[in-house]
file coords_27.csv (CSV, C-alpha atoms)
chain,number,residue,atom,x,y,z
A,979,MET,CA,1.0,-120.7,181.5
A,980,THR,CA,3.8,-122.6,183.3
A,981,MET,CA,6.1,-122.1,180.4
A,982,ARG,CA,5.4,-118.4,180.3
A,983,LEU,CA,6.3,-118.1,184.0
A,984,PHE,CA,9.5,-120.0,183.4
A,985,VAL,CA,10.5,-117.8,180.5
A,986,ALA,CA,9.6,-114.6,182.4
A,987,PHE,CA,11.7,-115.7,185.5
A,988,SER,CA,14.6,-116.8,183.3
A,989,VAL,CA,14.7,-113.4,181.5
A,990,LEU,CA,14.4,-111.6,184.8
A,991,GLY,CA,17.3,-113.7,186.2
A,992,VAL,CA,19.6,-113.1,183.3
A,993,PHE,CA,19.2,-109.3,183.5
A,994,CYS,CA,18.7,-108.7,187.2
A,995,LEU,CA,20.7,-111.2,189.3
A,996,PRO,CA,24.1,-110.0,188.3
A,997,ALA,CA,23.2,-106.5,189.5
A,998,PHE,CA,22.4,-107.8,193.0
A,999,SER,CA,25.9,-109.2,193.7
A,1000,GLN,CA,27.9,-107.0,196.0
A,1001,TYR,CA,31.1,-109.0,196.4
A,1002,GLY,CA,32.9,-108.4,193.2
A,1003,ILE,CA,36.4,-107.1,192.9
A,1004,PHE,CA,37.9,-104.6,190.5
A,1005,ALA,CA,41.3,-105.3,189.0
A,1006,ASP,CA,43.7,-103.4,186.8
A,1007,ILE,CA,45.2,-106.1,184.6
A,1008,PRO,CA,48.4,-104.8,182.9
A,1009,PHE,CA,48.6,-107.4,180.2
A,1010,VAL,CA,46.6,-109.2,177.5
A,1011,PHE,CA,45.2,-112.5,178.9
A,1012,GLY,CA,43.1,-115.5,178.1
A,1013,ALA,CA,39.9,-116.1,180.1
A,1014,GLY,CA,37.9,-119.1,179.0
A,1015,GLU,CA,38.2,-119.3,175.2
A,1016,ARG,CA,38.5,-115.5,174.9
A,1017,THR,CA,41.5,-113.2,174.8
A,1018,LEU,CA,41.0,-109.9,176.7
A,1019,ALA,CA,42.9,-106.7,176.5
A,1020,ALA,CA,44.8,-105.1,179.3
A,1021,GLY,CA,42.6,-102.9,181.4
A,1022,ARG,CA,40.3,-102.5,184.3
A,1023,TYR,CA,37.9,-105.3,185.0
A,1024,ARG,CA,35.2,-106.2,187.5
A,1025,LEU,CA,35.1,-109.9,188.5
A,1026,ASP,CA,32.1,-111.2,190.2
A,1027,SER,CA,29.7,-114.1,190.6
A,1028,ALA,CA,27.0,-114.2,188.0
A,1029,THR,CA,24.4,-114.9,190.7
A,1030,THR,CA,24.2,-114.1,194.4
A,1031,TRP,CA,23.9,-117.7,195.6
A,1032,SER,CA,26.6,-119.5,193.6
A,1033,PRO,CA,30.0,-118.8,192.2
A,1034,ALA,CA,29.7,-121.6,189.7
A,1035,VAL,CA,29.7,-119.0,186.9
A,1036,MET,CA,31.8,-115.9,187.3
A,1037,THR,CA,31.6,-112.8,185.2
A,1038,VAL,CA,34.5,-110.7,183.9
A,1039,THR,CA,33.4,-107.3,182.8
A,1040,ALA,CA,35.6,-104.7,181.1
A,1041,VAL,CA,34.9,-101.4,182.9
A,1042,GLU,CA,35.4,-99.2,179.9
A,1043,SER,CA,33.6,-101.1,177.2
A,1044,ARG,CA,31.2,-103.0,179.5
A,1045,GLU,CA,31.9,-106.1,177.5
A,1046,ARG,CA,31.0,-109.1,179.8
A,1047,ILE,CA,31.9,-112.7,179.5
A,1048,PHE,CA,30.7,-115.6,181.6
A,1049,LEU,CA,33.1,-118.2,182.8
A,1050,PRO,CA,32.3,-121.6,184.4
A,1051,THR,CA,34.3,-122.3,187.5
A,1052,SER,CA,34.9,-125.0,190.1
A,1053,PRO,CA,36.2,-124.9,193.7
A,1054,ALA,CA,39.9,-124.7,194.0
A,1055,GLY,CA,41.7,-127.2,196.2
A,1056,LYS,CA,42.4,-126.5,199.9
A,1057,GLY,CA,46.1,-125.8,199.0
A,1058,ALA,CA,45.1,-123.0,196.7
A,1059,TYR,CA,42.8,-121.6,199.4
A,1060,LYS,CA,45.5,-121.5,202.0
A,1061,ALA,CA,48.0,-119.9,199.6
A,1062,ILE,CA,45.7,-117.2,198.4
A,1063,ARG,CA,43.6,-116.3,201.5
A,1064,LYS,CA,46.3,-114.6,203.5
A,1065,ASP,CA,46.9,-111.9,200.9
A,1066,GLY,CA,43.4,-110.7,200.1
A,1067,ALA,CA,41.6,-110.6,196.7
A,1068,GLN,CA,43.7,-112.2,194.0
A,1069,LEU,CA,43.8,-113.3,190.4
A,1070,VAL,CA,46.1,-116.1,189.6
A,1071,PHE,CA,47.4,-116.4,186.0
A,1072,HIS,CA,49.5,-119.1,184.2
A,1073,ARG,CA,52.2,-117.5,182.1
A,1074,TYR,CA,53.8,-119.2,179.1
A,1075,GLY,CA,56.4,-116.8,177.7
A,1076,ASP,CA,54.4,-113.6,177.1
A,1077,ARG,CA,50.9,-115.2,177.2
A,1078,TYR,CA,48.8,-115.1,180.3
A,1079,PHE,CA,45.8,-117.2,181.2
A,1080,LEU,CA,43.4,-116.5,184.1
A,1081,SER,CA,43.5,-119.6,186.3
A,1082,GLN,CA,41.9,-118.7,189.6
A,1083,ILE,CA,39.9,-116.0,191.2
A,1084,TYR,CA,39.7,-115.3,195.0
A,1085,ILE,CA,37.1,-112.9,196.3
A,1086,PRO,CA,37.6,-112.6,200.1
A,1087,ALA,CA,34.2,-111.0,200.8
A,1088,ASN,CA,32.5,-114.3,200.1
A,1089,ASP,CA,35.5,-116.5,200.7
A,1090,TRP,CA,35.4,-118.1,197.3
A,1091,VAL,CA,38.5,-119.5,195.6
A,1092,ARG,CA,37.4,-120.5,192.1
A,1093,ARG,CA,39.3,-122.3,189.4
A,1094,LEU,CA,38.7,-121.8,185.7
A,1095,PRO,CA,38.9,-124.6,183.2
A,1096,VAL,CA,42.0,-124.8,181.1
A,1097,SER,CA,41.3,-123.4,177.6
A,1098,LYS,CA,42.2,-125.0,174.4
A,1099,SER,CA,44.9,-122.4,173.7
A,1100,GLU,CA,46.5,-123.0,177.1
A,1101,ARG,CA,46.4,-126.8,176.6
A,1102,GLU,CA,48.2,-126.4,173.3
A,1103,LEU,CA,50.9,-124.2,174.9
A,1104,ALA,CA,51.3,-126.6,177.8
A,1105,ARG,CA,52.1,-129.4,175.4
A,1106,ILE,CA,55.1,-127.6,173.9
A,1107,SER,CA,56.2,-125.4,176.8
A,1108,PRO,CA,57.7,-126.1,180.2
A,1109,GLU,CA,55.6,-125.7,183.3
A,1110,PRO,CA,53.9,-122.3,183.4
A,1111,LYS,CA,55.0,-119.5,185.7
A,1112,VAL,CA,52.3,-118.7,188.3
A,1113,VAL,CA,51.6,-115.0,188.4
A,1114,ARG,CA,49.5,-113.7,191.3
A,1115,LEU,CA,47.9,-110.3,190.9
A,1116,VAL,CA,46.9,-109.0,194.4
A,1117,VAL,CA,43.9,-106.7,194.1
A,1118,ARG,CA,44.0,-103.9,196.6
A,1119,ASN,CA,41.4,-101.6,195.1
A,1120,ARG,CA,37.6,-101.9,195.1

call {"tool": "encode", "arguments": {"input": "coords_27.csv", "output": "structure tokens"}}
result
Amino acid sequence: MTMRLFVAFSVLGVFCLPAFSQYGIFADIPFVFGAGERTLAAGRYRLDSATTWSPAVMTVTAVESRERIFLPTSPAGKGAYKAIRKDGAQLVFHRYGDRYFLSQIYIPANDWVRRLPVSKSERELARISPEPKVVRLVVRNR
């Protein structure tokens, strides 16, 4: 009986909890970019916490195709928080030549600055490229 309840609540959590979040942001990203180990097309995305109580896992959902990926995150340092907070919602990318990698997400409604782990592709580029350019995409739309 206990196992059945656990499975039932787990399934309920996977399908319902993301819908409860009200603090996500929409962003028009004008370039192809890496997020986690995936490469995503340019387009409109919704970025949000996967649950209402913790930003440890963020979701990136393509608005048009509804494709959703889950990304583990960690808190960004205080320096990142100060640099980002004054401008509102932002996505921070690392750029190596013409390749972009999502690095940080700031959602002001819940005051979270989240850092994404560096992907294998980005680590490989970092070994052979100079320091990446930091590209900040300020999100003004909802």

call {"tool": "residues_near_point", "arguments": {"input": "coords_27.csv", "point": "(43.4, -108.7, 189.3)", "cutoff": "10 Å", "atoms": "all atoms listed in the file", "output": "ChimeraX atom specification"}}
result
/A:1003-1008,1021-1025,1067-1071,1080,1083-1084,1114-1119

call {"tool": "atom_distance", "arguments": {"input": "coords_27.csv", "atom1": "CA of Arg1016 in chain A", "atom2": "CA of Lys1098 in chain A"}}
result
10.2 Å

call {"tool": "atom_distance", "arguments": {"input": "coords_27.csv", "atom1": "CA of Leu1094 in chain A", "atom2": "CA of Phe1079 in chain A"}}
result
9.6 Å

call {"tool": "residues_around", "arguments": {"input": "coords_27.csv", "residues": "Ile1047 in chain A", "least_positions_apart": "2", "cutoff": "7 Å", "atoms": "all atoms listed in the file", "output": "PyMOL selection string"}}
result
chain A and resi 1037-1039+1045+1049

call {"tool": "atom_distance", "arguments": {"input": "coords_27.csv", "atom1": "CA of Ser1081 in chain A", "atom2": "CA of Gly1002 in chain A"}}
result
16.9 Å

call {"tool": "decode", "arguments": {"input": "coords_27.csv", "residues": "range 1002-1093 of chain A", "atoms": "C-alpha atoms", "output": "mmCIF file, in the first residue's frame"}}
result
data_model
loop_
_atom_site.group_PDB
_atom_site.id
_atom_site.type_symbol
_atom_site.label_atom_id
_atom_site.label_comp_id
_atom_site.auth_asym_id
_atom_site.auth_seq_id
_atom_site.Cartn_x
_atom_site.Cartn_y
_atom_site.Cartn_z
ATOM 1 C CA GLY A 1002 8.432 31.783 -15.113
ATOM 2 C CA ILE A 1003 9.658 34.065 -17.841
ATOM 3 C CA PHE A 1004 9.232 34.015 -21.593
ATOM 4 C CA ALA A 1005 12.242 34.798 -23.741
ATOM 5 C CA ASP A 1006 12.767 35.212 -27.466
ATOM 6 C CA ILE A 1007 16.199 33.716 -28.013
ATOM 7 C CA PRO A 1008 17.542 34.789 -31.430
ATOM 8 C CA PHE A 1009 20.240 32.115 -31.794
ATOM 9 C CA VAL A 1010 20.812 28.376 -31.502
ATOM 10 C CA PHE A 1011 22.086 27.572 -27.992
ATOM 11 C CA GLY A 1012 23.181 24.765 -25.751
ATOM 12 C CA ALA A 1013 21.210 24.046 -22.582
ATOM 13 C CA GLY A 1014 22.516 21.147 -20.563
ATOM 14 C CA GLU A 1015 23.587 18.492 -23.034
ATOM 15 C CA ARG A 1016 20.982 19.568 -25.629
ATOM 16 C CA THR A 1017 21.132 22.035 -28.506
ATOM 17 C CA LEU A 1018 17.992 24.130 -28.913
ATOM 18 C CA ALA A 1019 16.820 26.158 -31.896
ATOM 19 C CA ALA A 1020 16.307 29.897 -31.865
ATOM 20 C CA GLY A 1021 12.773 30.743 -30.790
ATOM 21 C CA ARG A 1022 10.434 31.616 -27.945
ATOM 22 C CA TYR A 1023 10.928 29.734 -24.679
ATOM 23 C CA ARG A 1024 9.399 29.642 -21.225
ATOM 24 C CA LEU A 1025 11.915 29.199 -18.396
ATOM 25 C CA ASP A 1026 10.608 28.206 -15.023
ATOM 26 C CA SER A 1027 11.245 26.174 -11.915
ATOM 27 C CA ALA A 1028 10.132 22.558 -12.252
ATOM 28 C CA THR A 1029 8.475 22.808 -8.825
ATOM 29 C CA THR A 1030 6.960 25.629 -6.820
ATOM 30 C CA TRP A 1031 9.206 25.172 -3.804
ATOM 31 C CA SER A 1032 12.698 24.802 -5.267
ATOM 32 C CA PRO A 1033 14.632 26.087 -8.278
ATOM 33 C CA ALA A 1034 17.054 23.142 -8.143
ATOM 34 C CA VAL A 1035 15.612 21.932 -11.444
ATOM 35 C CA MET A 1036 14.568 24.451 -14.066
ATOM 36 C CA THR A 1037 12.500 23.742 -17.163
ATOM 37 C CA VAL A 1038 13.064 25.208 -20.606
ATOM 38 C CA THR A 1039 9.999 24.774 -22.797
ATOM 39 C CA ALA A 1040 9.788 25.684 -26.483
ATOM 40 C CA VAL A 1041 6.527 27.628 -26.823
ATOM 41 C CA GLU A 1042 5.782 26.457 -30.353
ATOM 42 C CA SER A 1043 6.664 22.753 -30.146
ATOM 43 C CA ARG A 1044 6.046 22.359 -26.386
ATOM 44 C CA GLU A 1045 9.296 20.391 -26.170
ATOM 45 C CA ARG A 1046 10.483 20.590 -22.552
ATOM 46 C CA ILE A 1047 13.843 19.859 -21.028
ATOM 47 C CA PHE A 1048 14.772 19.739 -17.365
ATOM 48 C CA LEU A 1049 18.041 21.285 -16.224
ATOM 49 C CA PRO A 1050 19.729 20.874 -12.851
ATOM 50 C CA THR A 1051 20.870 24.191 -11.389
ATOM 51 C CA SER A 1052 22.735 25.561 -8.409
ATOM 52 C CA PRO A 1053 22.704 29.006 -6.786
ATOM 53 C CA ALA A 1054 24.893 31.563 -8.526
ATOM 54 C CA GLY A 1055 27.383 33.501 -6.423
ATOM 55 C CA LYS A 1056 26.603 36.864 -4.853
ATOM 56 C CA GLY A 1057 28.572 38.688 -7.561
ATOM 57 C CA ALA A 1058 26.276 37.257 -10.232
ATOM 58 C CA TYR A 1059 23.247 38.227 -8.188
ATOM 59 C CA LYS A 1060 24.330 41.871 -7.888
ATOM 60 C CA ALA A 1061 25.217 42.143 -11.576
ATOM 61 C CA ILE A 1062 21.946 40.658 -12.769
ATOM 62 C CA ARG A 1063 19.346 41.872 -10.293
ATOM 63 C CA LYS A 1064 19.292 45.530 -11.310
ATOM 64 C CA ASP A 1065 18.248 44.834 -14.914
ATOM 65 C CA GLY A 1066 15.300 42.483 -14.353
ATOM 66 C CA ALA A 1067 14.816 38.993 -15.779
ATOM 67 C CA GLN A 1068 17.861 37.786 -17.678
ATOM 68 C CA LEU A 1069 19.436 34.839 -19.373
ATOM 69 C CA VAL A 1070 23.222 34.745 -19.392
ATOM 70 C CA PHE A 1071 25.017 32.865 -22.158
ATOM 71 C CA HIS A 1072 28.659 32.015 -22.772
ATOM 72 C CA ARG A 1073 29.619 32.590 -26.409
ATOM 73 C CA TYR A 1074 32.513 30.877 -28.154
ATOM 74 C CA GLY A 1075 32.623 32.151 -31.738
ATOM 75 C CA ASP A 1076 29.095 31.490 -33.013
ATOM 76 C CA ARG A 1077 28.158 28.917 -30.328
ATOM 77 C CA TYR A 1078 26.096 29.933 -27.313
ATOM 78 C CA PHE A 1079 25.589 28.056 -24.034
ATOM 79 C CA LEU A 1080 22.978 28.978 -21.439
ATOM 80 C CA SER A 1081 24.880 29.668 -18.237
ATOM 81 C CA GLN A 1082 22.557 31.457 -15.793
ATOM 82 C CA ILE A 1083 18.872 32.225 -15.358
ATOM 83 C CA TYR A 1084 17.514 35.105 -13.269
ATOM 84 C CA ILE A 1085 13.796 35.231 -12.532
ATOM 85 C CA PRO A 1086 13.047 38.358 -10.468
ATOM 86 C CA ALA A 1087 9.559 37.317 -9.307
ATOM 87 C CA ASN A 1088 11.112 34.732 -7.005
ATOM 88 C CA ASP A 1089 14.562 36.346 -6.768
ATOM 89 C CA TRP A 1090 16.446 33.289 -8.011
ATOM 90 C CA VAL A 1091 19.764 33.496 -9.830
ATOM 91 C CA ARG A 1092 20.519 29.973 -10.970
ATOM 92 C CA ARG A 1093 23.690 28.617 -12.576
#
